[in-house]
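For reference, coords37.txt (compact mmCIF, C-alpha atoms and all ligand atoms):
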# COMPACT_ATOMS: atom_id res chain seq x y z
CA MET A 244 -33.54 -40.18 -52.00
CA GLU A 245 -34.04 -36.51 -52.80
CA GLU A 246 -33.86 -34.28 -49.74
CA ARG A 247 -36.76 -31.95 -49.11
CA GLU A 248 -36.31 -28.29 -48.38
CA PRO A 249 -36.50 -27.58 -44.65
CA VAL A 250 -39.98 -26.43 -43.67
CA ALA A 251 -40.27 -22.95 -42.17
CA THR A 252 -42.01 -22.71 -38.81
CA ARG A 253 -44.83 -20.24 -38.46
CA ASP A 254 -44.18 -18.55 -35.14
CA GLU A 255 -45.91 -15.18 -35.45
CA ASN A 256 -48.90 -14.63 -33.26
CA THR A 257 -51.78 -15.54 -35.52
CA VAL A 258 -54.52 -15.36 -32.90
CA THR A 259 -57.52 -13.43 -34.21
CA SER A 260 -60.49 -12.18 -32.23
CA SER A 261 -63.27 -13.38 -34.53
CA PRO A 262 -63.73 -16.69 -36.32
CA ALA A 263 -62.46 -16.78 -39.90
CA PRO A 264 -64.94 -17.92 -42.57
CA VAL A 265 -64.75 -21.64 -43.04
CA ASN A 266 -63.99 -23.22 -46.35
CA THR A 267 -66.72 -25.81 -46.86
CA LEU A 268 -67.01 -26.16 -50.61
CA ALA A 269 -63.40 -25.82 -51.71
CA GLN A 270 -60.72 -28.26 -50.59
CA LEU A 271 -60.56 -28.29 -46.80
CA ARG A 272 -57.33 -27.06 -45.21
CA VAL A 273 -56.46 -29.23 -42.27
CA GLY A 274 -54.11 -28.84 -39.32
CA VAL A 275 -52.85 -31.76 -37.23
CA ALA A 276 -51.71 -31.12 -33.65
CA GLY A 277 -49.54 -33.99 -32.39
CA ALA A 278 -47.82 -36.17 -34.97
CA GLY A 279 -47.07 -39.45 -33.20
CA PHE A 280 -48.83 -42.74 -33.89
CA ILE A 281 -52.32 -41.39 -34.40
CA GLY A 282 -51.45 -37.93 -35.75
CA THR A 283 -49.73 -39.70 -38.64
CA VAL A 284 -52.85 -41.78 -39.22
CA HIS A 285 -55.09 -38.67 -39.16
CA ALA A 286 -52.81 -36.87 -41.65
CA ARG A 287 -53.05 -39.81 -44.04
CA SER A 288 -56.82 -40.11 -43.73
CA ALA A 289 -57.26 -36.35 -44.21
CA ARG A 290 -55.31 -36.51 -47.48
CA LEU A 291 -57.28 -39.51 -48.69
CA ALA A 292 -60.49 -37.62 -47.98
CA GLY A 293 -59.27 -34.87 -50.31
CA ALA A 294 -58.06 -32.30 -47.77
CA THR A 295 -54.84 -30.31 -47.92
CA LEU A 296 -52.48 -30.96 -45.01
CA ALA A 297 -51.87 -27.27 -44.35
CA GLY A 298 -50.18 -27.32 -40.95
CA VAL A 299 -48.65 -29.49 -38.26
CA ALA A 300 -47.63 -28.70 -34.68
CA THR A 301 -46.09 -30.91 -32.01
CA SER A 302 -44.31 -30.33 -28.72
CA THR A 303 -41.46 -28.10 -29.97
CA PRO A 304 -40.80 -26.00 -33.10
CA GLU A 305 -38.01 -28.40 -34.12
CA ARG A 306 -40.25 -31.43 -33.79
CA SER A 307 -43.00 -29.60 -35.67
CA ARG A 308 -40.58 -28.97 -38.55
CA GLU A 309 -39.50 -32.59 -38.57
CA ALA A 310 -43.14 -33.74 -38.54
CA ALA A 311 -44.10 -31.33 -41.35
CA VAL A 312 -41.34 -32.75 -43.56
CA ARG A 313 -42.21 -36.33 -42.65
CA LEU A 314 -45.94 -35.86 -43.28
CA GLY A 315 -45.55 -33.46 -46.21
CA ALA A 316 -47.46 -30.60 -44.55
CA GLU A 317 -47.32 -27.11 -46.05
CA GLU A 318 -46.25 -25.49 -42.79
CA ALA A 319 -44.90 -26.27 -39.35
CA TYR A 320 -46.39 -24.27 -36.49
CA ALA A 321 -44.34 -23.52 -33.39
CA THR A 322 -47.16 -24.48 -31.02
CA PRO A 323 -50.48 -26.32 -31.28
CA GLU A 324 -52.22 -23.18 -29.94
CA GLN A 325 -51.02 -21.20 -32.96
CA LEU A 326 -52.28 -23.93 -35.26
CA ALA A 327 -55.66 -23.90 -33.46
CA ALA A 328 -55.96 -20.16 -34.05
CA ALA A 329 -54.51 -19.94 -37.58
CA GLU A 330 -56.76 -18.15 -40.06
CA ASP A 331 -56.16 -20.44 -43.02
CA ILE A 332 -57.01 -23.71 -41.27
CA ASP A 333 -60.57 -25.08 -41.62
CA VAL A 334 -60.33 -28.25 -39.51
CA LEU A 335 -58.12 -28.98 -36.53
CA HIS A 336 -57.30 -32.62 -35.75
CA ILE A 337 -56.18 -32.91 -32.10
CA CYS A 338 -53.80 -35.85 -31.65
CA THR A 339 -51.71 -34.70 -28.70
CA PRO A 340 -51.48 -36.26 -25.24
CA ASN A 341 -54.83 -36.11 -23.45
CA HIS A 342 -54.30 -33.14 -21.11
CA LEU A 343 -54.25 -30.75 -24.10
CA HIS A 344 -57.40 -31.98 -25.84
CA ALA A 345 -60.07 -29.83 -24.20
CA GLU A 346 -58.10 -26.61 -24.24
CA LEU A 347 -57.13 -26.98 -27.91
CA ALA A 348 -60.66 -27.99 -28.92
CA ALA A 349 -62.12 -24.94 -27.19
CA LEU A 350 -59.56 -22.65 -28.81
CA ALA A 351 -60.13 -24.09 -32.28
CA LEU A 352 -63.93 -23.76 -31.96
CA GLU A 353 -63.51 -20.19 -30.75
CA HIS A 354 -61.57 -19.51 -33.93
CA GLY A 355 -64.23 -21.01 -36.16
CA LYS A 356 -62.58 -24.34 -36.91
CA HIS A 357 -64.27 -27.68 -37.24
CA VAL A 358 -62.63 -30.06 -34.77
CA VAL A 359 -61.73 -33.73 -34.82
CA CYS A 360 -60.54 -34.39 -31.26
CA GLU A 361 -59.00 -37.64 -30.12
CA LYS A 362 -60.41 -39.49 -27.15
CA PRO A 363 -60.61 -38.85 -24.28
CA LEU A 364 -62.30 -35.60 -25.33
CA ALA A 365 -61.57 -34.08 -21.95
CA VAL A 366 -60.19 -35.03 -18.58
CA GLY A 367 -63.42 -34.86 -16.56
CA THR A 368 -67.11 -34.52 -17.33
CA ALA A 369 -67.42 -30.78 -16.67
CA GLN A 370 -64.86 -29.95 -19.37
CA ALA A 371 -66.47 -32.39 -21.77
CA GLU A 372 -69.95 -30.88 -21.25
CA GLU A 373 -68.53 -27.38 -21.80
CA LEU A 374 -67.11 -28.54 -25.10
CA ILE A 375 -70.49 -29.81 -26.29
CA ALA A 376 -71.92 -26.37 -25.55
CA ALA A 377 -68.99 -24.65 -27.28
CA ALA A 378 -69.42 -26.83 -30.37
CA ALA A 379 -73.17 -26.06 -30.47
CA ARG A 380 -72.50 -22.30 -30.13
CA SER A 381 -69.93 -22.39 -32.91
CA GLY A 382 -72.13 -24.33 -35.34
CA ARG A 383 -69.04 -26.27 -36.37
CA VAL A 384 -68.71 -30.02 -36.77
CA ALA A 385 -67.00 -31.60 -33.74
CA THR A 386 -66.21 -35.31 -33.86
CA VAL A 387 -64.30 -37.91 -31.78
CA PRO A 388 -62.60 -40.93 -33.43
CA PHE A 389 -64.47 -43.86 -31.95
CA VAL A 390 -63.34 -45.51 -35.14
CA TYR A 391 -64.26 -49.13 -34.44
CA ARG A 392 -67.79 -48.06 -35.36
CA PHE A 393 -66.53 -47.95 -38.95
CA HIS A 394 -65.93 -51.68 -39.33
CA PRO A 395 -68.66 -52.76 -41.75
CA VAL A 396 -69.45 -55.87 -39.67
CA VAL A 397 -69.99 -53.66 -36.60
CA ARG A 398 -72.66 -51.81 -38.59
CA GLU A 399 -74.08 -55.19 -39.60
CA ALA A 400 -74.24 -56.27 -35.94
CA ARG A 401 -75.87 -52.96 -35.08
CA ALA A 402 -78.48 -53.30 -37.81
CA ARG A 403 -79.33 -56.85 -36.76
CA VAL A 404 -79.46 -56.14 -33.02
CA ARG A 405 -81.37 -52.87 -33.33
CA GLY A 406 -83.60 -54.26 -36.07
CA GLY A 407 -84.94 -56.75 -33.54
CA GLU A 408 -84.31 -59.91 -35.58
CA LEU A 409 -82.08 -61.36 -32.82
CA GLY A 410 -84.51 -60.54 -30.00
CA ALA A 411 -83.90 -58.55 -26.83
CA VAL A 412 -80.29 -58.16 -25.65
CA ARG A 413 -79.97 -60.05 -22.37
CA LEU A 414 -76.24 -60.33 -21.64
CA ILE A 415 -73.23 -58.37 -22.85
CA HIS A 416 -69.63 -59.36 -22.23
CA GLY A 417 -66.15 -58.81 -23.56
CA GLY A 418 -63.32 -56.38 -23.21
CA TYR A 419 -60.24 -54.84 -24.71
CA LEU A 420 -56.87 -56.45 -23.89
CA GLN A 421 -53.37 -55.26 -24.77
CA ASP A 422 -49.85 -56.13 -23.64
CA TRP A 423 -47.71 -53.14 -24.59
CA LEU A 424 -47.45 -52.03 -20.93
CA ALA A 425 -47.09 -55.55 -19.52
CA SER A 426 -43.64 -55.01 -17.99
CA ALA A 427 -42.48 -52.57 -15.31
CA ASP A 428 -39.89 -51.43 -17.87
CA ASP A 429 -42.65 -50.20 -20.22
CA ASP A 430 -43.66 -46.58 -19.96
CA ASN A 431 -45.49 -43.93 -21.95
CA TRP A 432 -46.88 -40.45 -21.29
CA ARG A 433 -50.28 -42.14 -20.69
CA VAL A 434 -48.93 -43.60 -17.43
CA ASP A 435 -48.55 -40.09 -16.00
CA ALA A 436 -51.91 -38.81 -14.71
CA GLU A 437 -50.82 -35.22 -15.35
CA LEU A 438 -50.64 -35.93 -19.10
CA GLY A 439 -53.07 -38.79 -19.56
CA GLY A 440 -55.69 -38.11 -16.89
CA PRO A 441 -56.57 -40.07 -13.75
CA SER A 442 -57.75 -43.14 -15.67
CA ARG A 443 -55.36 -44.85 -18.08
CA ALA A 444 -56.47 -48.26 -19.35
CA PHE A 445 -60.19 -47.50 -19.14
CA ALA A 446 -59.97 -43.99 -20.66
CA ASP A 447 -57.60 -45.20 -23.35
CA ILE A 448 -59.26 -48.41 -24.55
CA GLY A 449 -62.23 -49.12 -22.26
CA SER A 450 -63.76 -45.98 -23.76
CA HIS A 451 -63.75 -47.64 -27.19
CA TRP A 452 -65.35 -50.80 -25.82
CA CYS A 453 -68.19 -48.98 -24.06
CA ASP A 454 -68.81 -46.77 -27.09
CA LEU A 455 -69.10 -49.85 -29.27
CA VAL A 456 -71.47 -51.65 -26.88
CA GLU A 457 -73.80 -48.66 -26.74
CA PHE A 458 -73.49 -48.07 -30.50
CA ILE A 459 -74.38 -51.66 -31.39
CA THR A 460 -77.19 -52.14 -28.89
CA GLY A 461 -78.67 -48.62 -28.74
CA ASP A 462 -78.82 -49.26 -25.01
CA ARG A 463 -76.85 -47.42 -22.33
CA ILE A 464 -74.79 -48.59 -19.41
CA ALA A 465 -76.90 -47.30 -16.53
CA ALA A 466 -74.93 -48.48 -13.49
CA LEU A 467 -71.63 -50.24 -12.88
CA CYS A 468 -69.46 -51.73 -10.19
CA ALA A 469 -65.78 -51.57 -11.09
CA GLN A 470 -62.41 -52.45 -9.66
CA THR A 471 -59.15 -51.07 -10.97
CA SER A 472 -55.77 -52.69 -10.66
CA THR A 473 -52.32 -51.12 -10.89
CA VAL A 474 -50.05 -54.10 -11.34
CA PHE A 475 -46.87 -52.04 -11.20
CA PRO A 476 -46.83 -49.38 -8.50
CA GLU A 477 -43.57 -48.16 -10.07
CA ARG A 478 -42.38 -48.15 -13.67
CA ALA A 479 -39.20 -47.20 -15.50
CA ALA A 480 -39.31 -43.51 -16.39
CA HIS A 481 -39.47 -43.48 -20.22
CA ALA A 482 -42.30 -40.99 -20.62
CA ASN A 483 -41.11 -39.82 -24.04
CA VAL A 484 -41.62 -43.21 -25.61
CA ARG A 485 -44.35 -43.11 -28.23
CA ALA A 486 -47.30 -45.46 -28.11
CA PHE A 487 -46.41 -49.09 -28.84
CA GLU A 488 -42.67 -48.32 -29.04
CA THR A 489 -40.20 -50.23 -26.85
CA ALA A 490 -37.82 -48.05 -24.89
CA ALA A 491 -34.07 -48.58 -25.15
CA GLY A 492 -32.49 -49.79 -21.89
CA ASN A 493 -34.43 -50.87 -18.86
CA GLY A 494 -34.55 -47.43 -17.22
CA ALA A 495 -32.75 -47.33 -13.90
CA GLU A 496 -34.90 -44.37 -12.91
CA ARG A 497 -38.33 -45.38 -11.57
CA ARG A 498 -41.44 -43.37 -10.95
CA ALA A 499 -44.59 -44.01 -8.98
CA VAL A 500 -47.68 -44.97 -10.98
CA THR A 501 -51.17 -43.79 -10.02
CA THR A 502 -53.10 -44.79 -13.16
CA GLU A 503 -54.66 -48.24 -13.57
CA ASP A 504 -53.29 -51.06 -15.71
CA ALA A 505 -56.60 -52.93 -15.77
CA VAL A 506 -60.30 -52.61 -14.97
CA THR A 507 -62.89 -55.31 -14.42
CA ALA A 508 -66.54 -54.40 -13.98
CA LEU A 509 -70.10 -55.59 -13.74
CA PHE A 510 -72.79 -53.39 -15.29
CA ARG A 511 -76.46 -53.21 -16.13
CA THR A 512 -78.04 -51.27 -18.96
CA ALA A 513 -81.05 -48.96 -19.06
CA SER A 514 -83.17 -51.71 -20.63
CA GLY A 515 -82.10 -54.28 -18.04
CA ALA A 516 -79.35 -56.29 -19.78
CA HIS A 517 -76.50 -57.40 -17.53
CA GLY A 518 -72.84 -57.35 -18.50
CA THR A 519 -69.21 -57.81 -17.60
CA LEU A 520 -66.11 -56.22 -19.03
CA ILE A 521 -62.35 -56.57 -18.69
CA ILE A 522 -59.92 -53.91 -19.88
CA SER A 523 -56.18 -54.40 -19.64
CA GLN A 524 -52.86 -53.12 -20.94
CA VAL A 525 -50.93 -55.88 -19.14
CA SER A 526 -52.26 -59.10 -20.78
CA PRO A 527 -49.29 -60.90 -22.38
CA GLY A 528 -49.92 -61.94 -25.97
CA ARG A 529 -52.97 -59.74 -26.41
CA LYS A 530 -52.37 -56.82 -28.80
CA ASN A 531 -55.67 -55.16 -29.65
CA HIS A 532 -58.10 -57.82 -28.51
CA LEU A 533 -61.30 -55.82 -28.52
CA HIS A 534 -64.15 -58.32 -28.35
CA ILE A 535 -67.87 -57.92 -27.71
CA GLU A 536 -70.50 -60.60 -27.41
CA ASN A 537 -74.21 -59.96 -27.01
CA ALA A 538 -76.48 -62.80 -26.00
CA CYS A 539 -79.85 -61.85 -27.44
CA ALA A 540 -83.06 -63.85 -27.03
CA GLU A 541 -82.82 -65.60 -30.42
CA ALA A 542 -79.07 -65.51 -31.15
CA GLY A 543 -75.68 -64.44 -29.95
CA VAL A 544 -73.54 -62.02 -31.94
CA ARG A 545 -69.80 -61.54 -31.45
CA PHE A 546 -67.30 -59.09 -32.95
CA GLU A 547 -63.51 -59.35 -32.59
CA GLN A 548 -61.49 -56.38 -33.77
CA GLU A 549 -58.51 -58.52 -34.74
CA ARG A 550 -60.78 -60.53 -37.07
CA PRO A 551 -62.68 -57.62 -38.61
CA GLU A 552 -63.88 -59.46 -41.69
CA THR A 553 -66.41 -61.58 -39.83
CA LEU A 554 -69.15 -61.66 -37.22
CA TRP A 555 -70.02 -64.76 -35.25
CA LEU A 556 -73.75 -65.42 -35.15
CA GLY A 557 -74.76 -68.24 -32.84
CA ARG A 558 -78.14 -69.96 -32.57
CA ARG A 559 -79.21 -73.09 -30.74
CA GLU A 560 -79.54 -74.86 -34.08
CA GLY A 561 -76.04 -73.93 -35.18
CA THR A 562 -73.62 -71.11 -35.72
CA GLU A 563 -72.94 -68.96 -38.73
CA THR A 564 -70.07 -66.75 -39.86
CA VAL A 565 -71.24 -63.51 -41.43
CA TRP A 566 -68.57 -62.21 -43.82
CA ARG A 567 -67.89 -58.63 -44.78
CA ASP A 568 -69.30 -59.06 -48.24
CA PRO A 569 -70.77 -55.91 -49.80
CA GLY A 570 -73.07 -58.19 -51.81
CA THR A 571 -74.82 -59.59 -48.75
CA LEU A 572 -74.48 -56.93 -46.04
CA GLY A 573 -77.22 -54.47 -45.15
CA ALA A 574 -77.20 -50.95 -46.56
CA GLU A 575 -75.23 -49.20 -43.82
CA ALA A 576 -72.55 -51.89 -43.57
CA GLY A 577 -72.42 -52.02 -47.36
CA ARG A 578 -71.79 -48.26 -47.52
CA LEU A 579 -68.60 -48.77 -45.49
CA ALA A 580 -67.40 -51.86 -47.36
CA VAL A 581 -64.92 -50.14 -49.66
CA VAL A 582 -63.22 -53.21 -51.15
CA PRO A 583 -64.74 -56.46 -52.45
CA ALA A 584 -65.17 -59.45 -50.15
CA GLY A 585 -61.96 -61.34 -49.53
CA HIS A 586 -59.70 -58.28 -49.58
CA PRO A 587 -59.47 -57.57 -45.83
CA GLN A 588 -60.52 -54.18 -44.52
CA GLY A 589 -59.03 -53.03 -41.21
CA TYR A 590 -58.17 -50.34 -38.71
CA LEU A 591 -56.77 -47.79 -41.16
CA ASP A 592 -59.86 -48.10 -43.32
CA CYS A 593 -61.97 -47.31 -40.25
CA PHE A 594 -59.98 -44.12 -39.78
CA ASP A 595 -60.32 -43.16 -43.44
CA LEU A 596 -64.08 -43.73 -43.32
CA PHE A 597 -64.44 -41.80 -40.06
CA VAL A 598 -62.49 -38.79 -41.40
CA ALA A 599 -64.37 -38.89 -44.72
CA ASP A 600 -67.68 -38.87 -42.80
CA SER A 601 -66.48 -36.00 -40.58
CA TYR A 602 -65.72 -33.98 -43.71
CA ALA A 603 -69.05 -35.00 -45.26
CA ALA A 604 -70.73 -33.53 -42.16
CA ILE A 605 -68.75 -30.31 -42.73
CA ARG A 606 -70.18 -30.23 -46.25
CA GLY A 607 -73.66 -30.40 -44.72
CA GLU A 608 -74.37 -34.11 -45.05
CA ALA A 609 -75.55 -36.24 -42.12
CA PRO A 610 -73.65 -39.53 -42.26
CA GLU A 611 -75.05 -42.31 -40.11
CA GLY A 612 -73.17 -43.22 -36.93
CA LEU A 613 -70.68 -40.34 -36.82
CA PRO A 614 -69.26 -40.07 -33.27
CA THR A 615 -69.45 -36.50 -32.01
CA PHE A 616 -68.44 -34.52 -28.93
CA ALA A 617 -71.65 -35.82 -27.29
CA ASP A 618 -70.19 -39.32 -27.54
CA GLY A 619 -66.87 -38.04 -26.19
CA ALA A 620 -68.70 -36.53 -23.22
CA ARG A 621 -70.66 -39.75 -22.70
CA SER A 622 -67.33 -41.52 -22.39
CA ALA A 623 -66.14 -38.97 -19.82
CA HIS A 624 -69.20 -39.83 -17.68
CA LEU A 625 -68.37 -43.54 -17.89
CA ILE A 626 -64.73 -42.89 -16.94
CA ASP A 627 -65.81 -40.86 -13.91
CA ALA A 628 -68.25 -43.62 -12.90
CA VAL A 629 -65.53 -46.30 -13.12
CA LEU A 630 -63.17 -44.26 -10.95
CA ALA A 631 -65.92 -43.41 -8.46
CA SER A 632 -67.00 -47.03 -8.18
CA ALA A 633 -63.43 -48.30 -7.81
CA GLY A 634 -62.90 -45.67 -5.11
CA SER A 635 -66.04 -46.47 -3.12
CA GLY A 636 -66.17 -50.20 -3.80
CA GLY A 637 -69.86 -49.97 -4.67
CA TRP A 638 -72.31 -49.59 -7.54
CA VAL A 639 -72.45 -46.18 -9.23
CA GLU A 640 -75.22 -44.84 -11.49
CA VAL A 641 -73.86 -43.41 -14.72
N1 LIG A 701 -58.95 -43.25 -31.72
C1 LIG A 701 -57.97 -44.14 -31.65
O1 LIG A 701 -58.12 -45.27 -32.11
C2 LIG A 701 -56.67 -43.74 -31.01
C3 LIG A 701 -55.55 -44.56 -31.14
C4 LIG A 701 -54.35 -44.13 -30.57
C5 LIG A 701 -54.28 -42.95 -29.87
N2 LIG A 701 -55.40 -42.19 -29.71
C6 LIG A 701 -55.34 -40.91 -28.97
O2 LIG A 701 -54.49 -40.03 -29.68
C7 LIG A 701 -53.72 -39.24 -28.78
C8 LIG A 701 -52.25 -39.38 -29.11
O3 LIG A 701 -51.86 -40.71 -28.92
P1 LIG A 701 -50.61 -41.36 -29.70
O4 LIG A 701 -50.73 -42.81 -29.47
O5 LIG A 701 -50.57 -40.87 -31.09
O6 LIG A 701 -49.39 -40.79 -28.86
P2 LIG A 701 -47.90 -40.58 -29.34
O7 LIG A 701 -47.09 -40.53 -28.11
O8 LIG A 701 -47.54 -41.55 -30.41
O9 LIG A 701 -47.90 -39.12 -30.02
C9 LIG A 701 -48.15 -37.94 -29.30
C10 LIG A 701 -47.76 -36.74 -30.14
O10 LIG A 701 -48.05 -35.53 -29.42
C11 LIG A 701 -46.91 -34.70 -29.40
N3 LIG A 701 -46.89 -33.90 -28.19
C12 LIG A 701 -46.45 -34.22 -26.95
N4 LIG A 701 -46.58 -33.17 -26.12
C13 LIG A 701 -47.09 -32.16 -26.86
C14 LIG A 701 -47.40 -30.81 -26.57
N5 LIG A 701 -47.23 -30.29 -25.35
N6 LIG A 701 -47.90 -30.06 -27.58
C15 LIG A 701 -48.09 -30.58 -28.81
N7 LIG A 701 -47.80 -31.84 -29.14
C16 LIG A 701 -47.30 -32.62 -28.17
C17 LIG A 701 -45.72 -35.64 -29.51
O11 LIG A 701 -44.59 -34.96 -30.01
C18 LIG A 701 -46.27 -36.66 -30.50
O12 LIG A 701 -46.15 -36.18 -31.82
C19 LIG A 701 -54.10 -39.70 -27.38
O13 LIG A 701 -55.03 -38.81 -26.84
C20 LIG A 701 -54.75 -41.06 -27.57
O14 LIG A 701 -55.76 -41.34 -26.62
C21 LIG A 701 -56.58 -42.58 -30.27
Go through the file and emit its structure as structure tokens.
Ligand SMILES: NC(=O)c1ccc[n+]([C@@H]2O[C@H](COP(=O)([O-])OP(=O)(O)OC[C@H]3O[C@@H](n4cnc5c(N)ncnc54)[C@H](O)[C@@H]3O)[C@@H](O)[C@H]2O)c1
Amino acid sequence: MEEREPVATRDENTVTSSPAPVNTLAQLRVGVAGAGFIGTVHARSARLAGATLAGVATSTPERSREAAVRLGAEEAYATPEQLAAAEDIDVLHICTPNHLHAELAALALEHGKHVVCEKPLAVGTAQAEELIAAAARSGRVATVPFVYRFHPVVREARARVRGGELGAVRLIHGGYLQDWLASADDDNWRVDAELGGPSRAFADIGSHWCDLVEFITGDRIAALCAQTSTVFPERAAHANVRAFETAAGNGAERRAVTTEDAVTALFRTASGAHGTLIISQVSPGRKNHLHIENACAEAGVRFEQERPETLWLGRREGTETVWRDPGTLGAEAGRLAVVPAGHPQGYLDCFDLFVADSYAAIRGEAPEGLPTFADGARSAHLIDAVLASAGSGGWVEV
């Protein structure tokens, strides 16, 4: 295979005092901060949406250079802060560990960039609310990848539930179960509260579940009673392991764990529906088992992320499988069905559709269902409520 030229690192101080004009009509120039699992996915989706991958930055200049070569970016930046302030970047995608999200998003907005910031948007509600205000002041587009919204059958469920044809939502249940941290030998930067924030499992994947429940129903979780569980009070110290990678060796060195492995909760919504949820990163055999079931007055509707081509629709008279078929779906689901029925659409397609809609918003369009910083802040409120409830042992209003 032909070897690529080494990529030069931009390490001059590029911080400017006023926002640079943003390129909305020409090809967008995109920077990606953090190039692990999801940074790689963002870079791919940005390209597919027609953007130029102009810059990449990770934890060190060397790693930035390696990532720029791997992803085919024009330039490697020595630090994510320099990328956030660079004059010739229109959109910053923030894909670093959580503790850097808010600071980088604020810096990028200050420098006139549009921002796509990974969840959790911020560690804490105050920071998240400040970012909403900063995004509004800047007039830039600011989105958060709650990408499961972009499964066409999720839009179909949303249209049917909100359209009223299934009747009032009475009960909501489900969860998000994984197993990649199911052993005390598993570790990741997310385990460390300094890097990931005080909530782990809930902030990482419970946030997606709650966003999806509220997106589908149009209702809001108004109060909850949660318990957290940390199955392993100590884990092997392998903090540099990337998400879903298995560390070599079983790590003789151990470190104390303060973040939760699992959350179970009862909740009620603003309109009076009752619900239960279970979130876990220690459920053997479960990979990305995000599942939501709504019992409405006339029918039940269930979505499972690992079977994204179908919805289950249950009635007393019988059950039905609704397929992701552009020919039969409603308008909004049909818009997102990018391949014919029978060719499965999945997670990466959700990302592509989310990024394409974020860029459409930059061009002045108003795509339906685009998750913004307001949704990121909403999630921060839910995370705080879960931690407060687990701490007090009682119900907490959200
Ligand atoms: N929306 C989704 O579906 C989804 C899925 C996975 C991850 N995420 C989010 O994306 C973020 C990254 O997760 P991941 O799974 O890709 O993690 P990862 O460990 O695979 O990658 C993290 C990247 O950040 C870089 N990094 C570490 N410290 C840094 C620093 N100080 N400055 C700059 N870069 C640094 C690492 O070098 C690596 O490239 C997290 O916030 C996570 O919550 C979202």
Exercise for the section: Rank nothing, just name the residue among A:Ala436, A:Val390, A:Val275, A:Ile521 nearest to Gly589 (chain A), using all atoms listed in the file. Expected result: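 The closest residue to Gly589 (chain A) is A:Val390.
Of the residues under consideration (A:Arg308, A:His336, A:His416, A:Arg392), A:His416 shows the shortest atom-to-atom contact distance to Leu509 (chain A) when counting all atoms listed in the file.
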Handout entry: Between CA of Ala385 (chain A) and CA of Glu361 (chain A) - distance in Å to one decimal
Key = 10.7 Å
Counting only C-alpha atoms and all ligand atoms, which residues of chain A fall within 7 Å of ligand LIG 701 (chain A), and what is the closest atom pair for each with its distance in Å at one decimal, ordered by chain and rising number, as JSON lines?
{"residue": "A:Ala276", "atom": "CA", "partner": "A:LIG701", "partner_atom": "N7", "distance": 6.0}
{"residue": "A:Gly277", "atom": "CA", "partner": "A:LIG701", "partner_atom": "O10", "distance": 3.7}
{"residue": "A:Ala278", "atom": "CA", "partner": "A:LIG701", "partner_atom": "O12", "distance": 3.6}
{"residue": "A:Gly279", "atom": "CA", "partner": "A:LIG701", "partner_atom": "O9", "distance": 3.3}
{"residue": "A:Phe280", "atom": "CA", "partner": "A:LIG701", "partner_atom": "O5", "distance": 3.8}
{"residue": "A:Ile281", "atom": "CA", "partner": "A:LIG701", "partner_atom": "O5", "distance": 3.8}
{"residue": "A:Gly282", "atom": "CA", "partner": "A:LIG701", "partner_atom": "O5", "distance": 5.6}
{"residue": "A:Ala300", "atom": "CA", "partner": "A:LIG701", "partner_atom": "C15", "distance": 6.2}
{"residue": "A:Thr301", "atom": "CA", "partner": "A:LIG701", "partner_atom": "N7", "distance": 3.5}
{"residue": "A:Ser302", "atom": "CA", "partner": "A:LIG701", "partner_atom": "N6", "distance": 3.8}
{"residue": "A:Arg306", "atom": "CA", "partner": "A:LIG701", "partner_atom": "O11", "distance": 6.8}
{"residue": "A:Thr322", "atom": "CA", "partner": "A:LIG701", "partner_atom": "C15", "distance": 6.6}
{"residue": "A:Pro323", "atom": "CA", "partner": "A:LIG701", "partner_atom": "C15", "distance": 5.5}
{"residue": "A:Cys338", "atom": "CA", "partner": "A:LIG701", "partner_atom": "C7", "distance": 4.4}
{"residue": "A:Thr339", "atom": "CA", "partner": "A:LIG701", "partner_atom": "O10", "distance": 3.8}
{"residue": "A:Pro340", "atom": "CA", "partner": "A:LIG701", "partner_atom": "O13", "distance": 4.7}
{"residue": "A:Asn341", "atom": "CA", "partner": "A:LIG701", "partner_atom": "O13", "distance": 4.3}
{"residue": "A:Glu361", "atom": "CA", "partner": "A:LIG701", "partner_atom": "C6", "distance": 5.0}
{"residue": "A:Lys362", "atom": "CA", "partner": "A:LIG701", "partner_atom": "O14", "distance": 5.0}
{"residue": "A:Pro363", "atom": "CA", "partner": "A:LIG701", "partner_atom": "O14", "distance": 5.9}
{"residue": "A:Pro388", "atom": "CA", "partner": "A:LIG701", "partner_atom": "N1", "distance": 4.7}
{"residue": "A:Phe389", "atom": "CA", "partner": "A:LIG701", "partner_atom": "N1", "distance": 5.6}
{"residue": "A:Val390", "atom": "CA", "partner": "A:LIG701", "partner_atom": "N1", "distance": 6.0}
{"residue": "A:Trp432", "atom": "CA", "partner": "A:LIG701", "partner_atom": "O7", "distance": 6.8}
{"residue": "A:Asp447", "atom": "CA", "partner": "A:LIG701", "partner_atom": "O14", "distance": 5.4}
{"residue": "A:Val484", "atom": "CA", "partner": "A:LIG701", "partner_atom": "O7", "distance": 6.6}
{"residue": "A:Arg485", "atom": "CA", "partner": "A:LIG701", "partner_atom": "O7", "distance": 3.8}
{"residue": "A:Ala486", "atom": "CA", "partner": "A:LIG701", "partner_atom": "O8", "distance": 4.5}
Practice task
List every protein, DNA or RNA residue that has at least one atom no more than 8 Å from (-67.0, -40.6, -37.9) in the file's coordinates, counting only C-alpha atoms, and write the result as a VMD selection string.
Solution key: chain A and resid 386 to 390 392 to 393 596 to 601 612 to 615
Exercise for the section: Would you mind telling me which residue in A:Val273, A:Ile535, A:Ala402, A:Leu291 lies nearest to Ala327 (chain A) when using only C-alpha atoms? Expected result: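 Using only C-alpha atoms, the shortest distance to Ala327 (chain A) belongs to A:Val273.
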